[in-house]
>>> print(open('my_file_15.json').read())   # JSON, C-alpha atoms
[["chain", "number", "residue", "atom", "x", "y", "z"],
["I", 1, "MET", "CA", 26.55, -22.38, 5.67],
["I", 2, "ASN", "CA", 28.73, -19.63, 7.08],
["I", 3, "LYS", "CA", 29.70, -16.49, 5.17],
["I", 4, "SER", "CA", 32.65, -15.66, 7.44],
["I", 5, "ILE", "CA", 34.79, -18.12, 9.39],
["I", 6, "LEU", "CA", 37.83, -17.30, 11.49],
["I", 7, "MET", "CA", 40.50, -19.97, 11.73],
["I", 8, "PRO", "CA", 43.33, -19.22, 14.17],
["I", 9, "VAL", "CA", 46.50, -21.04, 13.15],
["I", 10, "ASP", "CA", 49.76, -21.71, 14.94],
["I", 11, "ILE", "CA", 52.58, -21.47, 12.41],
["I", 12, "LEU", "CA", 54.79, -23.45, 14.79],
["I", 13, "ALA", "CA", 52.33, -26.37, 14.89],
["I", 14, "MET", "CA", 50.81, -26.47, 11.41],
["I", 15, "ASP", "CA", 49.67, -30.06, 11.92],
["I", 16, "LEU", "CA", 46.92, -28.73, 14.19],
["I", 17, "SER", "CA", 45.59, -26.57, 11.36],
["I", 18, "ASP", "CA", 45.82, -29.40, 8.84],
["I", 19, "LYS", "CA", 43.16, -31.26, 10.80],
["I", 20, "ALA", "CA", 40.75, -28.33, 10.67],
["I", 21, "ILE", "CA", 41.04, -27.62, 6.91],
["I", 22, "ALA", "CA", 38.38, -30.09, 5.80],
["I", 23, "TRP", "CA", 35.92, -28.76, 8.38],
["I", 24, "ALA", "CA", 36.50, -25.14, 7.38],
["I", 25, "ASP", "CA", 35.98, -26.03, 3.70],
["I", 26, "HIS", "CA", 32.79, -27.90, 4.59],
["I", 27, "MET", "CA", 31.32, -25.21, 6.86],
["I", 28, "LEU", "CA", 32.05, -22.24, 4.56],
["I", 29, "ASN", "CA", 29.42, -20.97, 2.12],
["I", 30, "LYS", "CA", 30.62, -22.28, -1.26],
["I", 31, "GLU", "CA", 29.60, -19.24, -3.31],
["I", 32, "GLU", "CA", 30.44, -16.24, -1.17],
["I", 33, "GLY", "CA", 32.04, -17.35, 2.09],
["I", 34, "VAL", "CA", 35.32, -15.84, 3.29],
["I", 35, "LEU", "CA", 37.84, -17.67, 5.44],
["I", 36, "HIS", "CA", 40.09, -15.58, 7.70],
["I", 37, "LEU", "CA", 43.35, -17.23, 8.77],
["I", 38, "LEU", "CA", 44.85, -15.58, 11.85],
["I", 39, "HIS", "CA", 48.16, -16.10, 13.61],
["I", 40, "VAL", "CA", 48.86, -14.33, 16.91],
["I", 41, "PHE", "CA", 52.36, -13.70, 18.24],
["I", 42, "PRO", "CA", 52.75, -12.89, 21.92],
["I", 43, "LYS", "CA", 53.47, -9.19, 22.39],
["I", 44, "LEU", "CA", 57.10, -8.51, 23.27],
["I", 45, "GLN", "CA", 57.58, -6.40, 26.38],
["I", 46, "ALA", "CA", 59.46, -3.25, 25.42],
["I", 47, "SER", "CA", 60.53, -2.14, 28.91],
["I", 48, "PRO", "CA", 63.37, -4.66, 29.44],
["I", 49, "MET", "CA", 64.44, -4.18, 25.81],
["I", 50, "ARG", "CA", 64.52, -0.34, 25.78],
["I", 51, "GLY", "CA", 67.78, -0.06, 23.85],
["I", 52, "PHE", "CA", 66.60, -2.58, 21.25],
["I", 53, "ALA", "CA", 63.33, -1.01, 20.09],
["I", 54, "SER", "CA", 64.38, -0.95, 16.44],
["I", 55, "ASP", "CA", 65.51, -4.58, 16.67],
["I", 56, "ILE", "CA", 62.14, -5.58, 18.15],
["I", 57, "LYS", "CA", 60.36, -3.85, 15.25],
["I", 58, "LYS", "CA", 62.60, -5.64, 12.70],
["I", 59, "TYR", "CA", 62.01, -8.95, 14.46],
["I", 60, "GLU", "CA", 58.21, -8.45, 14.47],
["I", 61, "GLU", "CA", 58.27, -7.53, 10.75],
["I", 62, "TYR", "CA", 60.35, -10.62, 9.92],
["I", 63, "MET", "CA", 58.07, -12.91, 11.94],
["I", 64, "THR", "CA", 54.95, -11.35, 10.40],
["I", 65, "ASN", "CA", 56.26, -11.94, 6.86],
["I", 66, "ASP", "CA", 57.25, -15.51, 7.75],
["I", 67, "ALA", "CA", 53.81, -16.19, 9.24],
["I", 68, "GLN", "CA", 52.06, -14.84, 6.14],
["I", 69, "GLU", "CA", 54.16, -17.09, 3.89],
["I", 70, "LYS", "CA", 53.32, -20.13, 6.00],
["I", 71, "MET", "CA", 49.61, -19.24, 6.02],
["I", 72, "LEU", "CA", 49.70, -18.89, 2.22],
["I", 73, "ALA", "CA", 51.21, -22.39, 1.99],
["I", 74, "LEU", "CA", 48.44, -23.64, 4.29],
["I", 75, "ALA", "CA", 45.77, -21.84, 2.24],
["I", 76, "ARG", "CA", 46.81, -23.81, -0.83],
["I", 77, "LYS", "CA", 45.59, -26.98, 0.92],
["I", 78, "PHE", "CA", 42.00, -25.70, 1.03],
["I", 79, "LYS", "CA", 39.36, -26.39, -1.60],
["I", 80, "THR", "CA", 38.19, -22.81, -1.02],
["I", 81, "PRO", "CA", 39.69, -20.53, -3.71],
["I", 82, "LEU", "CA", 42.64, -18.39, -2.59],
["I", 83, "GLU", "CA", 40.83, -15.17, -3.46],
["I", 84, "ARG", "CA", 38.34, -15.93, -0.64],
["I", 85, "ILE", "CA", 41.00, -16.60, 1.99],
["I", 86, "ARG", "CA", 42.38, -13.66, 3.98],
["I", 87, "PHE", "CA", 45.54, -13.61, 6.09],
["I", 88, "GLU", "CA", 46.15, -11.64, 9.24],
["I", 89, "VAL", "CA", 48.96, -11.54, 11.78],
["I", 90, "ARG", "CA", 48.47, -9.86, 15.14],
["I", 91, "HIS", "CA", 50.57, -9.37, 18.23],
["I", 92, "GLY", "CA", 49.09, -9.68, 21.71],
["I", 93, "ASN", "CA", 47.09, -12.07, 23.87],
["I", 94, "ILE", "CA", 45.82, -14.98, 21.76],
["I", 95, "ARG", "CA", 42.37, -15.15, 23.36],
["I", 96, "ASP", "CA", 41.78, -11.40, 23.07],
["I", 97, "GLU", "CA", 43.11, -11.10, 19.52],
["I", 98, "VAL", "CA", 41.00, -14.03, 18.30],
["I", 99, "ASN", "CA", 37.87, -12.51, 19.83],
["I", 100, "ASP", "CA", 38.70, -9.07, 18.42],
["I", 101, "ALA", "CA", 39.34, -10.54, 14.95],
["I", 102, "ALA", "CA", 36.08, -12.51, 15.07],
["I", 103, "ALA", "CA", 34.20, -9.30, 15.85],
["I", 104, "ALA", "CA", 36.10, -7.25, 13.24],
["I", 105, "HIS", "CA", 35.39, -9.77, 10.47],
["I", 106, "ASN", "CA", 31.82, -10.52, 11.60],
["I", 107, "ALA", "CA", 32.82, -14.17, 11.87],
["I", 108, "GLU", "CA", 29.91, -16.50, 12.40],
["I", 109, "MET", "CA", 32.16, -19.28, 13.63],
["I", 110, "ILE", "CA", 35.70, -20.01, 14.82],
["I", 111, "ILE", "CA", 37.35, -23.27, 13.79],
["I", 112, "ILE", "CA", 40.52, -24.21, 15.62],
["I", 113, "GLY", "CA", 42.74, -27.29, 15.69],
["I", 114, "SER", "CA", 43.77, -28.73, 19.03],
["I", 115, "ARG", "CA", 45.76, -31.56, 20.50],
["I", 116, "LYS", "CA", 44.08, -34.23, 22.57],
["I", 117, "PRO", "CA", 44.17, -33.11, 26.19],
["I", 118, "GLY", "CA", 47.00, -34.37, 28.27],
["I", 119, "ILE", "CA", 48.49, -33.56, 31.62],
["I", 120, "ALA", "CA", 50.19, -30.41, 30.26],
["I", 121, "THR", "CA", 46.95, -28.90, 28.94],
["I", 122, "HIS", "CA", 45.07, -29.74, 32.13],
["I", 123, "LEU", "CA", 47.69, -28.03, 34.28],
["I", 124, "LEU", "CA", 48.51, -25.08, 32.01],
["I", 125, "GLY", "CA", 45.43, -24.69, 29.83],
["I", 126, "SER", "CA", 45.58, -24.52, 26.07],
["I", 127, "ALA", "CA", 44.97, -21.74, 23.57],
["I", 128, "ALA", "CA", 41.96, -23.61, 22.16],
["I", 129, "ALA", "CA", 40.41, -24.04, 25.60],
["I", 130, "ASN", "CA", 40.97, -20.38, 26.41],
["I", 131, "ILE", "CA", 39.43, -19.25, 23.10],
["I", 132, "LEU", "CA", 36.49, -21.60, 23.60],
["I", 133, "ARG", "CA", 35.85, -20.30, 27.10],
["I", 134, "TYR", "CA", 35.68, -16.61, 26.08],
["I", 135, "ALA", "CA", 34.40, -16.69, 22.48],
["I", 136, "LYS", "CA", 31.25, -14.79, 21.60],
["I", 137, "VAL", "CA", 30.52, -16.93, 18.51],
["I", 138, "PRO", "CA", 30.32, -20.73, 18.12],
["I", 139, "VAL", "CA", 33.69, -22.50, 18.21],
["I", 140, "MET", "CA", 34.49, -25.83, 16.59],
["I", 141, "VAL", "CA", 37.55, -27.52, 18.07],
["I", 142, "VAL", "CA", 39.03, -30.17, 15.75],
["I", 143, "ARG", "CA", 41.29, -32.88, 17.14]]
>>> encode(input="my_file_15.json", output="structure tokens")
Amino acid sequence: MNKSILMPVDILAMDLSDKAIAWADHMLNKEEGVLHLLHVFPKLQASPMRGFASDIKKYEEYMTNDAQEKMLALARKFKTPLERIRFEVRHGNIRDEVNDAAAAHNAEMIIIGSRKPGIATHLLGSAAANILRYAKVPVMVVR
């Protein structure tokens, strides 16, 4: 069993994470494993918003707090005790932030929920496919 699992979540599509909960509970070491929930917001470009820098900061703080509340609600669905679930919100490129978080937390595995592929994901690519392609640790994609 794994001592550290990273589970990226999309707070705008929580149903994807719901599917992965049972797998994360099953794959995590029951006695000492830690589950890291991560949500990544795209980084806002400051250059076109020069006059609104303080508003961007307030917006990012609001969205970070909202994401943490939603991840806490999600964490309550796990069998894993809350004291062994960590929450993190980052801003940037999803693929890069997931890989950086996996390295920072010494994650042995990434578990991510995904939709069944359709024409949109084949043309545009999906976050799960991008993470899977560049991950340095095993990735379990749950549909």
>>> closest_residue(input="my_file_15.json", among="I:Lys43, I:Asp100, I:Arg115, I:Ala127", to="Ile56 of chain I", atoms="all atoms listed in the file")
I:Lys43
>>> atom_distance(input="my_file_15.json", atom1="atom CA of Ala102 of chain I", atom2="atom CA of Phe41 of chain I")
16.6 Å
>>> residues_near_point(input="my_file_15.json", point="(32.6, -17.6, 4.3)", cutoff="9 Å", atoms="all atoms listed in the file", output="PDB file with C-alpha atoms, in the frame of the given file")
ATOM      1  CA  MET I   1      26.550 -22.380   5.670  1.00  0.00           C
ATOM      2  CA  ASN I   2      28.730 -19.630   7.080  1.00  0.00           C
ATOM      3  CA  LYS I   3      29.700 -16.490   5.170  1.00  0.00           C
ATOM      4  CA  SER I   4      32.650 -15.660   7.440  1.00  0.00           C
ATOM      5  CA  ILE I   5      34.790 -18.120   9.390  1.00  0.00           C
ATOM      6  CA  LEU I   6      37.830 -17.300  11.490  1.00  0.00           C
ATOM      7  CA  MET I  27      31.320 -25.210   6.860  1.00  0.00           C
ATOM      8  CA  LEU I  28      32.050 -22.240   4.560  1.00  0.00           C
ATOM      9  CA  ASN I  29      29.420 -20.970   2.120  1.00  0.00           C
ATOM     10  CA  LYS I  30      30.620 -22.280  -1.260  1.00  0.00           C
ATOM     11  CA  GLU I  31      29.600 -19.240  -3.310  1.00  0.00           C
ATOM     12  CA  GLU I  32      30.440 -16.240  -1.170  1.00  0.00           C
ATOM     13  CA  GLY I  33      32.040 -17.350   2.090  1.00  0.00           C
ATOM     14  CA  VAL I  34      35.320 -15.840   3.290  1.00  0.00           C
ATOM     15  CA  LEU I  35      37.840 -17.670   5.440  1.00  0.00           C
ATOM     16  CA  HIS I  36      40.090 -15.580   7.700  1.00  0.00           C
ATOM     17  CA  ARG I  84      38.340 -15.930  -0.640  1.00  0.00           C
ATOM     18  CA  ILE I  85      41.000 -16.600   1.990  1.00  0.00           C
ATOM     19  CA  ALA I 107      32.820 -14.170  11.870  1.00  0.00           C
ATOM     20  CA  GLU I 108      29.910 -16.500  12.400  1.00  0.00           C
TER      21      GLU I 108
END
>>> closest_residue(input="my_file_15.json", among="I:Arg90, I:His105, I:Arg133, I:Lys70", to="Ser17 of chain I", atoms="all atoms listed in the file")
I:Lys70
>>> residues_around(input="my_file_15.json", residues="Val89 of chain I", least_positions_apart="5", cutoff="7 Å", atoms="all atoms listed in the file", output="list of chain:residue names")
I:Leu38, I:His39, I:Val40, I:Thr64
>>> residues_near_point(input="my_file_15.json", point="(42.7, -14.1, -0.8)", cutoff="12 Å", atoms="all atoms listed in the file", output="number ranges by chain")
I: 33-37, 68, 71-72, 75-76, 78, 80-88
>>> closest_residue(input="my_file_15.json", among="I:Met7, I:Val139, I:Ile131, I:Ala101", to="Lys19 of chain I", atoms="all atoms listed in the file")
I:Met7
>>> atom_distance(input="my_file_15.json", atom1="atom CA of Asp66 of chain I", atom2="atom CA of Met14 of chain I")
13.2 Å
>>> closest_residue(input="my_file_15.json", among="I:Met140, I:Ala13, I:Ala24, I:Leu132", to="Asp96 of chain I", atoms="all atoms listed in the file")
I:Leu132
>>> atom_distance(input="my_file_15.json", atom1="atom CA of Gly113 of chain I", atom2="atom CA of Asp10 of chain I")
9.0 Å
>>> closest_residue(input="my_file_15.json", among="I:Lys57, I:His91, I:Arg143, I:Tyr134", to="Asp18 of chain I", atoms="all atoms listed in the file")
I:Arg143
>>> closest_residue(input="my_file_15.json", among="I:Asn65, I:Ser54, I:Asn99, I:Asn93", to="Val137 of chain I", atoms="all atoms listed in the file")
I:Asn99
>>> residues_around(input="my_file_15.json", residues="Ile112 of chain I", least_positions_apart="3", cutoff="7 Å", atoms="all atoms listed in the file", output="ChimeraX atom specification")
/I:7-8,20,128,140-142
